[in-house]
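What follows is a set of notes on a single structure, which appears directly below.
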Amino acid sequence: MKKIIYLLAMFTLSSCVYPYTPDIDDSQIESSLVIDANILLGNTSTITLSYLQPLDLSHSIVYRRAKGEIYLEDSEGDKYPAVTYYDLYRIPTFPVKENVQYRLTVIADNKTYRSDWIEPTAPPEITDVNFTADNTQVYVRVSLEDHGQGSGYASASFEEIWKFHTDYVRLYGYIPETNSVHMLMYPDESHIWCWRKNILGYSYNIDYSALDGVVKDYSIFHFLRTSDRNHQEYNIRVKVWNLTPEQYRFRKILEENESIGGDLFSPEPGEVRGNVYCEDDENEKVFGYVNVSRVAMKDAKLNSRYDLWTAPKSLIEVAPEDYLDFYNNGYNPVEQIPSAEGGMVVGWGLGRCYDCVLAGGTLEKPSFE
């Protein structure tokens, strides 16, 4: 049996790949399935399927997704199918029942893979979400308490919604038919303020097993004070769910072997086999974990008290013979700027400089999922 380096294409909501050295025969290359699932009761659940991959240091790292039919079932016989979502599978929110167990089934490559029956665990309570700042950064801090009921391990993720403004108010317009710039009768203020939403694509794993069930002001996220998150209103929804000690250990091993330059002699994920098996072949190696947990959520709002002003992006001077070309490439006249040759001219800017919708925003405030 030849022992070589492989990539385990595990995706703990982060779509990262992690190398390690499991003892696998060459014939199993690209055939060992990796299943990673976070079943979050009362929330959308995410599952990733992939294959174990060989690592060739002379080429870019690539991974191969697996495809299959996936569904979750409970011990009362109800089933909840997964739907494809880009490279992931998602199980939409389903009714949460009391006193039931869950297991995940994956049908791929003409084989059936199942998790063990899993009892949902309770998450720690989120007792506080607050904000602090230094000279350059704003920090989002979370406090947790499990009241003696938790495992001492958890994962956390969050969503953000904030209101921001453009760099400029457009005062001028362009008429292609006459190739002329003119001052608008009224400043174009329709798209100055917008909302933006961000759903975090990964989760943080938290070890509080030595803290007597209490986490105080854990920094879950930070952003620059010059970020447009500080323009007016910033909202965050933090979600926390429980991890078993075994799942936490498995994920930490993956993190510690994150790069080939790391410690290749550290424990291998293969030492923690997970809770998934192949129903058709008990000797087939399947990697990964299925976790089932209830979710704790807490919202917090930050007004713009930490905002640091920054100079807006520069507008550019455009010669009249180039007006149409710039206009066709998304530029528009905005406001007056000093000319390189002296005096004042009308500066041009890309749409995102004066139109918050073109900058990726929406005029209506979005909602959390």
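Letters A, B, ... go to the chains of the structure tokens in the order shown; residues in each chain start at 1; ligands are counted from 1 in the same order.
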Contacts of A:Glu160 at 12 Å or less, counting only C-alpha atoms, minus same-chain residues fewer than 4 places along, as a PyMOL selection string? chain A and resi 140+195-201+221-223+229+233-239+299-302+365-369
Using only C-alpha atoms, determine which residues lie at most 10 Å from A:Ala319, disregarding the query and same-chain residues fewer than 4 positions distant; provide the list as a list of chain:residue names.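 Final neighbour list, sorted by chain and number: A:Tyr323, A:Phe326, A:Val345.
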How would the residues just chosen look if you wrote them out with N, CA and C atoms as a PDB file, in the first residue's frame?
ATOM      1  N   TYR A 323     -15.643  61.881 -25.265  1.00  0.00           N
ATOM      2  CA  TYR A 323     -16.858  61.776 -24.461  1.00  0.00           C
ATOM      3  C   TYR A 323     -17.652  60.502 -24.774  1.00  0.00           C
ATOM      4  N   PHE A 326     -16.074  57.190 -23.540  1.00  0.00           N
ATOM      5  CA  PHE A 326     -16.181  57.031 -22.087  1.00  0.00           C
ATOM      6  C   PHE A 326     -17.626  56.750 -21.678  1.00  0.00           C
ATOM      7  N   VAL A 345     -12.918  71.956 -14.956  1.00  0.00           N
ATOM      8  CA  VAL A 345     -13.624  71.199 -15.986  1.00  0.00           C
ATOM      9  C   VAL A 345     -14.572  70.241 -15.287  1.00  0.00           C
TER      10      VAL A 345
END
Find the residues near A:Gln101: any atom within 9 Å, counting only C-alpha atoms, skip ones fewer than 6 places away on the same chain, and give them as an MDAnalysis selection string. chainID A and resid 73:76 117:120 292
Restricting the calculation to only C-alpha atoms: of A:Thr226, A:Gly342, A:Val214, A:Asp167, which residue gets closest to A:Lys313?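 Smallest distance to A:Lys313 is found for A:Asp167.
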For the interface of stretch 106-175 of chain A with stretch 303-309 of chain A (cut-off 9 Å, counting only C-alpha atoms), please tabulate each contacting residue of stretch 106-175 of chain A alongside its nearest pair of atoms and their separation in Å to one decimal, rows sorted by chain and increasing number, as JSON lines.
{"residue": "A:Thr132", "atom": "CA", "partner": "A:Tyr306", "partner_atom": "CA", "distance": 8.8}
{"residue": "A:Ala133", "atom": "CA", "partner": "A:Tyr306", "partner_atom": "CA", "distance": 7.1}
{"residue": "A:Thr136", "atom": "CA", "partner": "A:Leu308", "partner_atom": "CA", "distance": 8.5}
{"residue": "A:Gln137", "atom": "CA", "partner": "A:Tyr306", "partner_atom": "CA", "distance": 8.8}
{"residue": "A:Val138", "atom": "CA", "partner": "A:Tyr306", "partner_atom": "CA", "distance": 7.3}
Alpha helix (DSSP H) per DSSP on the backbone: members of stretch 27-265 of chain A, as a PyMOL selection string: chain A and resi 245-256
Could you turn the residues from that selection into a file that holds C-alpha atoms, as a CSV table (one decimal), in the first residue's frame?
chain,number,residue,atom,x,y,z
A,245,PRO,CA,-16.0,17.2,20.6
A,246,GLU,CA,-15.3,14.7,17.8
A,247,GLN,CA,-16.5,17.0,15.0
A,248,TYR,CA,-14.6,19.9,16.5
A,249,ARG,CA,-11.4,17.8,16.6
A,250,PHE,CA,-11.9,16.6,13.0
A,251,ARG,CA,-12.3,20.2,11.8
A,252,LYS,CA,-9.3,21.5,13.8
A,253,ILE,CA,-7.1,18.8,12.3
A,254,LEU,CA,-8.2,20.0,8.8
A,255,GLU,CA,-7.3,23.5,9.8
A,256,GLU,CA,-3.9,22.5,11.2
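Closest approach to A:His231 among A:Thr178, A:Ser314, A:Met185, A:Trp162: A:Trp162, based on only C-alpha atoms.
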Spatial neighbours of A:His147, max dist 12 Å, only C-alpha atoms, sep filter under 5 positions, as a ChimeraX atom specification: /A:122-127,152,211-215
Convert the current residue selection to file output with C-alpha atoms, as a PDB file, in the first residue's frame.
ATOM      1  CA  ALA A 122     -28.748  22.532  21.891  1.00  0.00           C
ATOM      2  CA  PRO A 123     -26.530  25.516  21.076  1.00  0.00           C
ATOM      3  CA  PRO A 124     -25.050  27.825  23.681  1.00  0.00           C
ATOM      4  CA  GLU A 125     -27.081  30.957  24.363  1.00  0.00           C
ATOM      5  CA  ILE A 126     -25.827  34.161  22.734  1.00  0.00           C
ATOM      6  CA  THR A 127     -25.922  36.526  25.696  1.00  0.00           C
ATOM      7  CA  GLY A 152     -17.781  23.142  25.047  1.00  0.00           C
ATOM      8  CA  LEU A 211     -14.063  28.223  30.130  1.00  0.00           C
ATOM      9  CA  ASP A 212     -16.781  26.702  32.335  1.00  0.00           C
ATOM     10  CA  GLY A 213     -19.393  27.150  29.637  1.00  0.00           C
ATOM     11  CA  VAL A 214     -18.952  30.910  29.301  1.00  0.00           C
ATOM     12  CA  VAL A 215     -17.382  32.883  26.433  1.00  0.00           C
TER      13      VAL A 215
END
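Residues within 9 Å of A:Arg170, counting only C-alpha atoms and excluding same-chain residues fewer than 4 positions away, are Leu184, Pro187, Asp188, Glu189, Asn332, Pro333, Val334, Glu335, Cys353, Tyr354 and Asp355 of chain A.
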Given only C-alpha atoms as the counted atoms, nearest of A:Phe287, A:Phe164, A:Trp241, A:Tyr71 to A:Ile107: A:Tyr71
Which one is closest to A:Gly361: A:Glu282, A:Glu321, A:Asp228, A:Glu98? Count only C-alpha atoms.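 The shortest atom-to-atom distance to A:Gly361 comes from A:Asp228.
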In stretch 178-342 of chain A, DSSP strand (DSSP E) residues written as a ChimeraX atom specification: /A:180-188,193-199,204-207,214-224,233-242,276-278,287-303,316-317,331-338
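Counting only C-alpha atoms and comparing A:Ile91, A:Thr121, A:Ser180, A:Glu341, the residue that lies closest to A:Ser293 is A:Thr121.
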